[in-house]
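Participant: Provided herewith is a single structure, encoded as structure tokens, for subsequent inquiry.
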Amino acid sequence: MPISPNQGSTGGGTTVTITGTNLSGVTSVHFGTKTATITANTPTSVTVTSPSGTGTVPVTVTTPGGTSNPLSFFYVGAPFKSSLSPITGVTAGGNTVTINGTALTTATAVHFGAATATPTVVNDGQLTVTVPAGAAAGPVGVSVTTAGGTNNGLTYTYVDAPTIGTINPNSGPSSGGTAATITGTNFATTQSVTIGGTPAPFSVIDDSTLSVVTPPGAVGAANVTVTTTGGSATVTGGFTYVAGPGI
């Protein structure tokens, strides 16, 4: 006589279906010493809502013809999440996040705001999950659903990719040292600026303005790339290195 599912929350409330034969007229279903609420009954099945409990308990079905052999039901505690890493990423989603906590073995879903993803269970204390696309940039609550219930309490922030508008000045000596201003959007989380592939010292003035100092570079046009937690933006040939005079 199968039972499905065979595990559920310690708080009760799990819908459980028991199948078998001669199940008409079920009078009671017990989870250990507690009685479950019967919600449906046919000659081959009975569906109940589990009571609260802990550990592993025997489940028995009683009809006018007697009481069945016991089946095992496992109570699972609610999950606990202690950390989320990384805590930001692109609004388009697709990056991998690690969630640490306890009682995560039976995790079936991770919710990022209104979006849901299916996690990979590493062990009872860790999950990995591919972040789904977000509706918009900004923070969302993260919750994990297991057989033991759903636990909230962590936040993930979606970040839009940057865009580059202007670079001023857009040329300077190949020896470097030119102070330039880059304007654009979504610069607040800037992690690096490169010119011709070489990292440039920078400071974030505001979400739309960066101040940079050009590193030395080869004479000619060089690509300018701004990388943030939301992604990268590149202007091909955005800065031109000019040869110094020779006499």
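Residue numbering restarts at 1 for every chain of the structure tokens, chains are lettered A, B, ... in their displayed order, and ligands are numbered from 1 as they appear.
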Show me, as a Markdown table, the residues of segment 153-174 of chain A having an atom within 12 Å of segment 76-90 of chain A, each with the closest atom pair and its distance in Å, using only C-alpha atoms.
Facilitator:
```
| residue | atom | partner | partner_atom | distance |
| --- | --- | --- | --- | --- |
| A:Gly153 | CA | A:Lys81 | CA | 7.5 |
| A:Leu154 | CA | A:Leu84 | CA | 7.1 |
| A:Thr155 | CA | A:Ile87 | CA | 7.1 |
| A:Tyr156 | CA | A:Ile87 | CA | 5.0 |
| A:Thr157 | CA | A:Thr88 | CA | 4.7 |
| A:Tyr158 | CA | A:Gly89 | CA | 5.3 |
| A:Val159 | CA | A:Val90 | CA | 5.0 |
| A:Asp160 | CA | A:Val90 | CA | 5.8 |
| A:Ala161 | CA | A:Val90 | CA | 6.6 |
| A:Pro162 | CA | A:Val90 | CA | 10.1 |
```
Participant: Using 7 Å as the limit and counting only C-alpha atoms, can you tabulate each residue of segment 104-213 of chain A that touches segment 7-24 of chain A, with its shortest atom-to-atom distance in Å and the two atoms involved, as a tab-separated table?
Facilitator:
```
residue	atom	partner	partner_atom	distance
A:Ala147	CA	A:Gly8	CA	4.9
A:Gly148	CA	A:Ser9	CA	3.7
A:Gly149	CA	A:Ser9	CA	5.8
```
Participant: Between atom CA of Pro5 of chain A and atom CA of Val46 of chain A, measure the distance and give it in Å to one decimal.
Facilitator: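 Calculated distance between atom CA of Pro5 of chain A and atom CA of Val46 of chain A is 12.9 Å.
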Participant: Find the residues around Pro169 of chain A up to 12 Å (only C-alpha atoms counted), leave out those fewer than 5 positions away in its own chain, and share them as a PyMOL selection string.
Facilitator: chain A and resi 177-183+211-214+238-241
Participant: Please write the residues from the selection above to a file, keeping N, CA and C atoms, as an mmCIF file, in the first residue's frame.
Facilitator:
```cif
data_model
loop_
_atom_site.group_PDB
_atom_site.id
_atom_site.type_symbol
_atom_site.label_atom_id
_atom_site.label_comp_id
_atom_site.auth_asym_id
_atom_site.auth_seq_id
_atom_site.Cartn_x
_atom_site.Cartn_y
_atom_site.Cartn_z
ATOM 1 N N GLY A 177 48.006 58.751 -18.438
ATOM 2 C CA GLY A 177 47.897 59.879 -17.529
ATOM 3 C C GLY A 177 46.818 60.884 -17.876
ATOM 4 N N THR A 178 46.019 60.601 -18.888
ATOM 5 C CA THR A 178 44.943 61.525 -19.253
ATOM 6 C C THR A 178 43.748 61.317 -18.328
ATOM 7 N N ALA A 179 43.286 62.392 -17.719
ATOM 8 C CA ALA A 179 42.077 62.325 -16.890
ATOM 9 C C ALA A 179 40.867 62.456 -17.801
ATOM 10 N N ALA A 180 39.997 61.455 -17.791
ATOM 11 C CA ALA A 180 38.834 61.452 -18.682
ATOM 12 C C ALA A 180 37.563 61.176 -17.891
ATOM 13 N N THR A 181 36.453 61.632 -18.439
ATOM 14 C CA THR A 181 35.134 61.401 -17.841
ATOM 15 C C THR A 181 34.322 60.518 -18.774
ATOM 16 N N ILE A 182 33.772 59.439 -18.233
ATOM 17 C CA ILE A 182 32.898 58.547 -19.000
ATOM 18 C C ILE A 182 31.481 58.736 -18.495
ATOM 19 N N THR A 183 30.574 59.034 -19.400
ATOM 20 C CA THR A 183 29.165 59.152 -19.014
ATOM 21 C C THR A 183 28.393 57.965 -19.587
ATOM 22 N N SER A 211 35.049 58.750 -13.430
ATOM 23 C CA SER A 211 36.284 59.485 -13.673
ATOM 24 C C SER A 211 37.405 58.463 -13.786
ATOM 25 N N VAL A 212 38.190 58.535 -14.875
ATOM 26 C CA VAL A 212 39.263 57.565 -15.088
ATOM 27 C C VAL A 212 40.553 58.278 -15.446
ATOM 28 N N VAL A 213 41.656 57.573 -15.239
ATOM 29 C CA VAL A 213 42.970 58.047 -15.684
ATOM 30 C C VAL A 213 43.518 56.988 -16.617
ATOM 31 N N THR A 214 43.850 57.383 -17.835
ATOM 32 C CA THR A 214 44.274 56.384 -18.822
ATOM 33 C C THR A 214 45.622 55.779 -18.459
ATOM 34 N N GLY A 238 37.123 53.433 -28.464
ATOM 35 C CA GLY A 238 36.571 54.595 -27.761
ATOM 36 C C GLY A 238 37.595 55.622 -27.322
ATOM 37 N N PHE A 239 38.866 55.215 -27.215
ATOM 38 C CA PHE A 239 39.917 56.179 -26.831
ATOM 39 C C PHE A 239 41.114 55.984 -27.776
ATOM 40 N N THR A 240 41.652 57.090 -28.263
ATOM 41 C CA THR A 240 42.763 57.022 -29.206
ATOM 42 C C THR A 240 44.053 57.488 -28.543
ATOM 43 N N TYR A 241 45.051 56.616 -28.556
ATOM 44 C CA TYR A 241 46.373 56.986 -28.049
ATOM 45 C C TYR A 241 47.161 57.679 -29.164
#
```
Participant: Neighbouring residues of segment 194-201 of chain A were defined as those with any atom within 7 Å, considering only C-alpha atoms; residues of the same chain fewer than 5 positions away were excluded. Please report them as a list in words.
Facilitator: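 Returned residues: Val212, Val213, Thr214, Pro215, Gly217, Ala222, Asn223, Val224, Thr225 and Val226 of chain A.
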Participant: So how many Å separate atom CA of Gly138 of chain A and atom CA of Thr91 of chain A, to one decimal?
Facilitator: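 Value for the atom CA of Gly138 of chain A-atom CA of Thr91 of chain A distance: 8.6 Å.
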Participant: Between A:Asn69, A:Thr229, A:Thr106, A:Thr145, which has the minimum distance to Val121 of chain A (counting only C-alpha atoms)?
Facilitator: A:Thr106
Participant: I'd like the neighbourhood of Pro119 of chain A as a list in words, where a residue qualifies if any of its atoms comes within 7 Å (using only C-alpha atoms), though same-chain residues fewer than 6 positions away should be ignored.
Facilitator: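 These residues fall inside the cut-off: Thr108, Ala109, Val110, Leu127, Thr128 and Val129 of chain A.
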Participant: Interatomic distance between atom CA of Asp206 of chain A and atom CA of Ala188 of chain A?
Facilitator: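 Atom-to-atom, atom CA of Asp206 of chain A and atom CA of Ala188 of chain A are spaced 6.3 Å apart.
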Participant: Give me every strand (DSSP E or B) residue in segment 105-164 of chain A, going by DSSP on the backbone, as a ChimeraX atom specification.
Facilitator: /A:109-112,115-117,120-123,126-130,138-146,149-159,163-164
Participant: Nearest to Thr105 of chain A among A:Ser28, A:Asn152, A:Thr60, A:Asn123, with distances taken over only C-alpha atoms: which residue is it?
Facilitator: A:Asn123
Participant: Between A:Asn6, A:Thr35, A:Asn95, A:Ser52, which one has atoms that come closest to Phe73 of chain A, using only C-alpha atoms?
Facilitator: A:Asn6
Participant: Hey, what's within 7 Å of Pro173 of chain A if we count only C-alpha atoms and toss same-chain stuff fewer than 2 positions away? As a PyMOL selection string, please?
Facilitator: chain A and resi 175-176+241-244
